[in-house]
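Listing of protein_22.csv; format and content: CSV, C-alpha atoms.
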chain,number,residue,atom,x,y,z
A,376,MET,CA,26.2,19.6,13.7
A,377,GLY,CA,29.2,18.0,12.0
A,378,ILE,CA,29.0,15.4,9.2
A,379,SER,CA,30.2,12.6,11.4
A,380,SER,CA,27.5,13.4,14.1
A,381,LEU,CA,24.8,13.6,11.4
A,382,VAL,CA,25.8,10.2,10.0
A,383,LEU,CA,25.7,8.8,13.6
A,384,LEU,CA,22.3,10.3,14.2
A,385,VAL,CA,20.9,8.9,11.0
A,386,GLY,CA,22.4,5.5,11.9
A,387,LEU,CA,20.8,5.5,15.3
A,388,VAL,CA,17.4,6.4,13.8
A,389,CYS,CA,17.6,3.6,11.3
A,390,SER,CA,18.6,1.2,14.0
A,391,SER,CA,15.7,2.1,16.1
A,392,LEU,CA,13.3,1.6,13.2
A,393,MET,CA,14.8,-1.8,12.5
A,394,VAL,CA,14.0,-3.1,16.0
A,395,ALA,CA,10.4,-3.5,15.1
A,396,THR,CA,10.7,-5.1,11.7
A,397,TYR,CA,12.2,-8.4,10.7
A,398,ALA,CA,12.9,-9.1,7.0
A,399,GLY,CA,12.5,-12.8,6.6
A,400,ASN,CA,14.4,-15.6,4.9
A,401,PHE,CA,12.4,-18.6,3.7
A,402,TYR,CA,15.0,-21.1,4.8
A,403,GLN,CA,15.1,-19.7,8.3
A,404,ASP,CA,11.4,-18.9,8.8
A,405,PHE,CA,9.4,-21.6,7.0
A,406,ASP,CA,9.1,-25.3,6.6
A,407,LEU,CA,8.0,-26.9,3.3
A,408,THR,CA,5.3,-29.1,4.6
A,409,TRP,CA,3.7,-31.1,1.8
A,410,GLY,CA,3.8,-31.7,-1.9
A,411,GLY,CA,7.1,-33.6,-2.3
A,412,ASN,CA,9.5,-31.6,-4.5
A,413,ARG,CA,6.8,-29.2,-5.7
A,414,PRO,CA,7.5,-26.4,-3.2
A,415,LYS,CA,11.0,-24.9,-3.7
A,416,ILE,CA,13.2,-22.2,-2.2
A,417,PHE,CA,15.5,-20.1,-4.4
A,418,LYS,CA,18.0,-17.3,-4.3
A,419,GLY,CA,19.5,-18.0,-0.9
A,420,GLY,CA,16.1,-18.0,0.8
A,421,GLN,CA,14.7,-14.9,-0.8
A,422,LEU,CA,12.2,-16.6,-3.2
A,423,LEU,CA,9.8,-19.5,-2.7
A,424,SER,CA,7.4,-21.2,-5.2
A,425,LEU,CA,4.5,-23.6,-4.8
A,426,SER,CA,3.3,-25.8,-7.6
A,427,LEU,CA,0.2,-27.8,-8.4
A,428,ASP,CA,-0.2,-30.7,-10.8
A,429,LYS,CA,-2.8,-33.4,-11.3
A,430,VAL,CA,-1.2,-35.5,-8.6
A,431,SER,CA,-0.8,-33.0,-5.8
A,432,GLY,CA,-0.6,-29.4,-4.7
A,433,SER,CA,1.9,-28.1,-2.1
A,434,GLY,CA,2.3,-25.9,0.9
A,435,PHE,CA,4.5,-24.4,3.6
A,436,GLN,CA,4.2,-23.0,7.1
A,437,SER,CA,6.1,-20.7,9.4
A,438,LYS,CA,8.4,-22.1,12.1
A,439,LYS,CA,7.3,-19.5,14.6
A,440,GLU,CA,3.9,-18.6,16.0
A,441,TYR,CA,2.7,-15.0,16.3
A,442,LEU,CA,0.3,-13.3,18.7
A,443,PHE,CA,-0.5,-9.9,17.3
A,444,GLY,CA,1.7,-8.1,14.8
A,445,ARG,CA,1.9,-7.2,11.1
A,446,ILE,CA,2.6,-9.8,8.5
A,447,ASP,CA,3.6,-8.8,4.9
A,448,MET,CA,4.2,-11.1,2.0
A,449,GLN,CA,4.6,-10.5,-1.7
A,450,LEU,CA,2.9,-13.0,-4.0
A,451,LYS,CA,2.7,-13.4,-7.8
A,452,LEU,CA,-0.2,-15.7,-8.6
A,453,VAL,CA,-0.7,-18.4,-11.2
A,454,PRO,CA,-1.0,-16.8,-14.6
A,455,GLY,CA,-3.2,-17.5,-17.5
A,456,ASN,CA,-6.0,-20.1,-17.1
A,457,SER,CA,-6.0,-20.6,-13.3
A,458,ALA,CA,-9.6,-21.8,-13.1
A,459,GLY,CA,-10.1,-24.3,-10.4
A,460,THR,CA,-7.0,-23.4,-8.4
A,461,VAL,CA,-6.8,-21.8,-5.0
A,462,THR,CA,-3.8,-20.1,-3.5
A,463,ALA,CA,-4.4,-19.8,0.2
A,464,TYR,CA,-2.3,-17.5,2.5
A,465,TYR,CA,-3.4,-17.3,6.1
A,466,LEU,CA,-2.7,-17.3,9.8
A,467,SER,CA,-4.2,-20.1,11.9
A,468,SER,CA,-4.0,-21.7,15.3
A,469,GLN,CA,-4.8,-25.4,15.8
A,470,GLY,CA,-7.7,-27.4,17.2
A,471,PRO,CA,-11.5,-27.4,17.1
A,472,THR,CA,-11.7,-23.9,18.6
A,473,HIS,CA,-9.0,-22.4,16.4
A,474,ASP,CA,-8.7,-18.8,15.2
A,475,GLU,CA,-7.8,-18.0,11.6
A,476,ILE,CA,-7.3,-15.0,9.3
A,477,ASP,CA,-7.6,-15.9,5.6
A,478,PHE,CA,-6.6,-14.6,2.2
A,479,GLU,CA,-7.6,-17.0,-0.5
A,480,PHE,CA,-7.1,-16.3,-4.2
A,481,LEU,CA,-9.7,-18.1,-6.4
A,482,GLY,CA,-8.4,-18.7,-9.9
A,483,ASN,CA,-10.3,-18.0,-13.1
A,484,LEU,CA,-10.3,-18.4,-16.9
A,485,SER,CA,-7.7,-16.3,-18.8
A,486,GLY,CA,-8.9,-12.7,-19.1
A,487,ASP,CA,-11.3,-13.0,-16.1
A,488,PRO,CA,-10.3,-11.6,-12.8
A,489,TYR,CA,-9.1,-13.5,-9.7
A,490,ILE,CA,-11.4,-13.3,-6.7
A,491,LEU,CA,-9.8,-12.4,-3.4
A,492,HIS,CA,-11.8,-14.3,-0.7
A,493,THR,CA,-11.3,-13.2,2.9
A,494,ASN,CA,-12.6,-14.8,6.1
A,495,ILE,CA,-12.0,-14.7,9.8
A,496,PHE,CA,-12.5,-17.6,12.3
A,497,THR,CA,-12.9,-17.1,16.0
A,498,GLN,CA,-13.1,-20.1,18.3
A,499,GLY,CA,-13.7,-22.4,15.4
A,500,LYS,CA,-16.4,-20.4,13.8
A,501,GLY,CA,-16.0,-18.7,10.4
A,502,ASP,CA,-18.7,-17.7,7.9
A,503,ARG,CA,-17.5,-14.1,7.8
A,504,GLU,CA,-16.6,-14.0,4.1
A,505,GLN,CA,-15.9,-10.8,2.1
A,506,GLN,CA,-14.8,-11.1,-1.5
A,507,PHE,CA,-13.2,-8.6,-3.8
A,508,TYR,CA,-11.9,-8.2,-7.3
A,509,LEU,CA,-8.5,-6.6,-7.5
A,510,TRP,CA,-7.7,-3.4,-9.4
A,511,PHE,CA,-4.7,-5.1,-11.1
A,512,ASP,CA,-3.7,-8.5,-12.6
A,513,PRO,CA,-2.1,-10.3,-9.6
A,514,SER,CA,-0.3,-12.8,-11.8
A,515,LYS,CA,1.8,-10.3,-13.8
A,516,ASN,CA,3.8,-8.8,-10.9
A,517,PHE,CA,4.4,-9.2,-7.2
A,518,HIS,CA,2.0,-7.5,-4.9
A,519,THR,CA,2.1,-7.1,-1.1
A,520,TYR,CA,-0.7,-8.7,0.9
A,521,SER,CA,-0.7,-7.8,4.6
A,522,VAL,CA,-2.5,-8.5,7.9
A,523,ILE,CA,-2.4,-6.1,10.8
A,524,TRP,CA,-3.6,-8.0,13.9
A,525,LYS,CA,-4.1,-5.9,17.0
A,526,PRO,CA,-6.3,-6.4,20.1
A,527,GLN,CA,-8.6,-3.7,18.7
A,528,HIS,CA,-9.0,-5.0,15.1
A,529,ILE,CA,-7.7,-7.0,12.2
A,530,ILE,CA,-7.0,-5.1,8.9
A,531,PHE,CA,-6.4,-6.8,5.5
A,532,LEU,CA,-4.3,-4.7,3.1
A,533,VAL,CA,-3.3,-5.0,-0.5
A,534,ASP,CA,-0.3,-2.9,-1.5
A,535,LYS,CA,-0.8,-0.9,1.7
A,536,THR,CA,-4.4,-0.2,0.8
A,537,PRO,CA,-6.8,-1.4,3.5
A,538,ILE,CA,-9.6,-3.6,2.0
A,539,ARG,CA,-11.3,-4.9,5.2
A,540,VAL,CA,-11.4,-4.2,8.9
A,541,PHE,CA,-12.8,-6.6,11.5
A,542,LYS,CA,-13.2,-4.8,14.7
A,543,ASN,CA,-13.1,-6.3,18.2
A,544,ALA,CA,-16.8,-6.8,19.1
A,545,GLU,CA,-16.4,-8.7,22.3
A,546,ALA,CA,-18.6,-6.0,24.0
A,547,VAL,CA,-21.6,-7.4,22.0
A,548,GLY,CA,-20.6,-11.0,22.6
A,549,VAL,CA,-18.5,-11.8,19.5
A,550,PRO,CA,-15.3,-13.7,20.2
A,551,PHE,CA,-12.1,-12.0,18.9
A,552,PRO,CA,-8.8,-13.7,18.1
A,553,LYS,CA,-6.6,-12.6,21.0
A,554,SER,CA,-5.2,-15.5,23.0
A,555,GLN,CA,-4.2,-18.2,20.5
A,556,PRO,CA,-0.8,-17.7,18.7
A,557,MET,CA,-1.0,-18.5,15.0
A,558,ARG,CA,1.4,-19.7,12.4
A,559,ILE,CA,1.5,-18.5,8.8
A,560,TYR,CA,0.5,-21.0,6.2
A,561,SER,CA,0.2,-21.0,2.4
A,562,SER,CA,-0.9,-23.7,-0.1
A,563,LEU,CA,-1.7,-24.1,-3.7
A,564,TRP,CA,-4.3,-26.7,-4.4
A,565,ASN,CA,-7.1,-27.9,-6.7
A,566,ALA,CA,-10.6,-26.8,-5.6
A,567,ASP,CA,-12.4,-27.1,-8.9
A,568,ASP,CA,-15.5,-28.5,-7.2
A,569,TRP,CA,-16.3,-24.9,-5.9
A,570,ALA,CA,-13.6,-22.3,-6.6
A,571,THR,CA,-14.5,-21.0,-10.0
A,572,ARG,CA,-18.2,-20.1,-10.7
A,573,GLY,CA,-19.3,-22.5,-8.0
A,574,GLY,CA,-17.5,-25.5,-9.6
A,575,LEU,CA,-18.9,-25.0,-13.1
A,576,VAL,CA,-15.4,-24.4,-14.5
A,577,LYS,CA,-12.9,-27.2,-14.0
A,578,THR,CA,-9.1,-27.2,-13.8
A,579,ASP,CA,-7.4,-27.5,-17.3
A,580,TRP,CA,-4.7,-29.9,-16.4
A,581,SER,CA,-3.1,-29.4,-19.8
A,582,LYS,CA,-1.8,-26.1,-18.4
A,583,ALA,CA,-0.2,-27.8,-15.4
A,584,PRO,CA,2.0,-27.3,-13.5
A,585,PHE,CA,0.5,-24.2,-12.0
A,586,THR,CA,3.0,-22.1,-10.0
A,587,ALA,CA,2.8,-19.2,-7.6
A,588,TYR,CA,5.7,-17.2,-6.2
A,589,TYR,CA,6.5,-15.6,-2.8
A,590,ARG,CA,9.1,-13.1,-1.7
A,591,ASN,CA,9.8,-10.3,0.8
A,592,PHE,CA,8.3,-11.8,3.9
A,593,ASN,CA,8.3,-9.2,6.7
A,594,VAL,CA,6.9,-9.3,10.2
A,595,ILE,CA,6.4,-6.9,13.1
A,596,ASP,CA,6.1,-9.3,16.0
A,597,SER,CA,4.4,-7.9,19.2
A,598,ARG,CA,6.4,-10.2,21.4
A,599,SER,CA,9.8,-9.1,20.1
A,600,SER,CA,9.2,-5.4,19.2
A,601,SER,CA,9.8,-2.8,21.9
A,602,SER,CA,7.7,-0.3,19.9
A,603,PHE,CA,4.7,-2.5,19.5
A,604,SER,CA,2.8,-1.1,22.5
A,605,GLU,CA,2.9,2.3,20.9
A,606,TRP,CA,2.2,1.0,17.4
A,607,GLN,CA,-0.8,-1.1,18.4
A,608,THR,CA,-2.9,1.9,19.4
A,609,ASN,CA,-2.8,3.5,15.9
A,610,GLU,CA,-6.1,3.5,14.0
A,611,LEU,CA,-6.5,4.0,10.3
A,612,ASP,CA,-5.8,7.6,9.3
A,613,ALA,CA,-8.2,9.7,7.1
A,614,PRO,CA,-6.5,8.8,3.8
A,615,SER,CA,-6.6,5.1,4.7
A,616,ARG,CA,-10.3,5.3,5.5
A,617,ARG,CA,-11.0,6.9,2.2
A,618,ARG,CA,-9.1,4.1,0.4
A,619,LEU,CA,-11.0,1.5,2.4
A,620,ARG,CA,-14.3,3.0,1.3
A,621,TRP,CA,-13.1,3.2,-2.3
A,622,VAL,CA,-12.2,-0.5,-2.4
A,623,GLN,CA,-15.4,-1.5,-0.7
A,624,LYS,CA,-17.5,0.6,-3.0
A,625,TYR,CA,-16.0,-0.4,-6.3
A,626,PHE,CA,-14.3,-3.8,-5.8
A,627,MET,CA,-16.2,-5.7,-3.1
A,628,ILE,CA,-18.4,-8.4,-4.7
A,629,TYR,CA,-19.7,-10.2,-1.6
A,630,ASN,CA,-20.2,-9.2,2.0
A,631,TYR,CA,-21.7,-11.6,4.5
A,632,CYS,CA,-23.0,-8.6,6.5
A,633,THR,CA,-25.4,-7.7,3.7
A,634,ASP,CA,-26.5,-11.3,2.8
A,635,LEU,CA,-30.1,-11.3,4.0
A,636,LYS,CA,-30.7,-14.8,2.6
A,637,ARG,CA,-28.1,-16.2,5.0
A,638,PHE,CA,-29.2,-14.0,7.9
A,639,PRO,CA,-32.9,-13.3,7.5
A,640,GLN,CA,-33.1,-12.3,11.2
A,641,GLY,CA,-30.6,-9.5,10.7
A,642,ALA,CA,-26.8,-9.2,10.2
A,643,PRO,CA,-24.4,-10.7,12.8
A,644,PRO,CA,-23.7,-8.2,15.6
A,645,GLU,CA,-20.1,-7.5,14.6
A,646,CYS,CA,-21.4,-6.1,11.3
A,647,ARG,CA,-22.9,-3.1,13.1
A,648,ARG,CA,-19.4,-2.2,14.3
A,649,SER,CA,-17.6,-2.2,10.9
A,650,PHE,CA,-16.4,0.9,9.0
Starting from the file, give its structure as structure tokens.
Amino acid sequence: MGISSLVLLVGLVCSSLMVATYAGNFYQDFDLTWGGNRPKIFKGGQLLSLSLDKVSGSGFQSKKEYLFGRIDMQLKLVPGNSAGTVTAYYLSSQGPTHDEIDFEFLGNLSGDPYILHTNIFTQGKGDREQQFYLWFDPSKNFHTYSVIWKPQHIIFLVDKTPIRVFKNAEAVGVPFPKSQPMRIYSSLWNADDWATRGGLVKTDWSKAPFTAYYRNFNVIDSRSSSSFSEWQTNELDAPSRRRLRWVQKYFMIYNYCTDLKRFPQGAPPECRRSF
């Protein structure tokens, strides 16, 4: 094969891979929805920040809705004493029977770890919390937080490491998010009535404004990707399952499936179908 033919082949392969993936621009893909001048977009749409002060927090949402796909976003969280603050990054539909897939980062005192709080709502019902410490300081550098949403399951990932899998358990009567398109939302807000040690530690407003940063939004959208039908059948491979078990063994600090005080009659039915 000649050099020109090889270059053409490589170009065709790269083009076919790019069909499925969209690298986002914050100007094009998101609206700054609340907080006055606190949310900002920089660097030609490549960087976004949210800020919180004593008057208000701030937030943004995607212009588009998504029904199945993969969402990636890099975040750098509020540094130092972030106690009382919550940085929420989630997908949600609207209405009393909404579906929702949540990442929430609960701030803490300097030197104490953030808590990553995850939850899933189906037809308006949540109460499916799992919480984790992270194995790094999420305020020092950008890290990638991802959701893979397929008809078979929802996977939460941190830097490509799966931390949680919620399987479709419709067979045992548990609703699954599969019919309501969702937008991407994020907000930075004050929740010092509950966020840090159950509300015992309050926000130190002398450290305000608190700021979180976002970059490198990417999406594989099921409705615009010709390869999604093939991609959606993939399960976690063996190394990914090992990483999932590692995270859940060493970094999970709360799992609703094992909370016998909340569920004295036994764990919810979907818990019996988890990894």
Coordinates-based distance that separates CA of Pro550 (chain A) from CA of Ala463 (chain A) (Å, one decimal):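 Answer for the CA of Ala463 (chain A) to CA of Pro550 (chain A) separation: 23.6 Å.
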One decimal, Å: what's the distance from CA of Leu611 (chain A) over to CA of Asn593 (chain A), could you say? 20.2 Å
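Counting from CA of Ser431 (chain A), the distance to CA of Gly499 (chain A) is 27.0 Å.
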Need the shell around Asp447 (chain A): protein/DNA/RNA residues with any atom at most 12 Å away, counting all atoms listed in the file. Skip same-chain ones fewer than 2 positions apart. Format as number ranges by chain? A: 396-399, 444-445, 449-450, 464-466, 518-524, 530-535, 559, 589-596
Could you tell me which of A:Phe417, A:Phe435, A:Phe585, A:Tyr631 comes closest to Pro454 (chain A) if we count only C-alpha atoms? A:Phe585
Dump as a list in words all residues having an atom at most 9 Å from (3.0, -30.5, 0.6), computed in the file's coordinates with all atoms listed in the file.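 Final list of nearby residues, as requested, is Leu407, Thr408, Trp409, Gly410, Gly411, Asn412, Arg413, Pro414, Leu425, Ser431, Gly432, Ser433, Gly434, Phe435 and Ser562 of chain A.
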For the residues selected in the previous step, produce a file with C-alpha atoms as a short mmCIF file (atom, residue, chain, number, x, y, z; two decimals), keeping the file's coordinate frame.
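Wrote part-v6.cif, looks like this:
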data_model
loop_
_atom_site.label_atom_id
_atom_site.label_comp_id
_atom_site.auth_asym_id
_atom_site.auth_seq_id
_atom_site.Cartn_x
_atom_site.Cartn_y
_atom_site.Cartn_z
CA LEU A 407 8.00 -26.90 3.30
CA THR A 408 5.30 -29.10 4.60
CA TRP A 409 3.70 -31.10 1.80
CA GLY A 410 3.80 -31.70 -1.90
CA GLY A 411 7.10 -33.60 -2.30
CA ASN A 412 9.50 -31.60 -4.50
CA ARG A 413 6.80 -29.20 -5.70
CA PRO A 414 7.50 -26.40 -3.20
CA LEU A 425 4.50 -23.60 -4.80
CA SER A 431 -0.80 -33.00 -5.80
CA GLY A 432 -0.60 -29.40 -4.70
CA SER A 433 1.90 -28.10 -2.10
CA GLY A 434 2.30 -25.90 0.90
CA PHE A 435 4.50 -24.40 3.60
CA SER A 562 -0.90 -23.70 -0.10
#
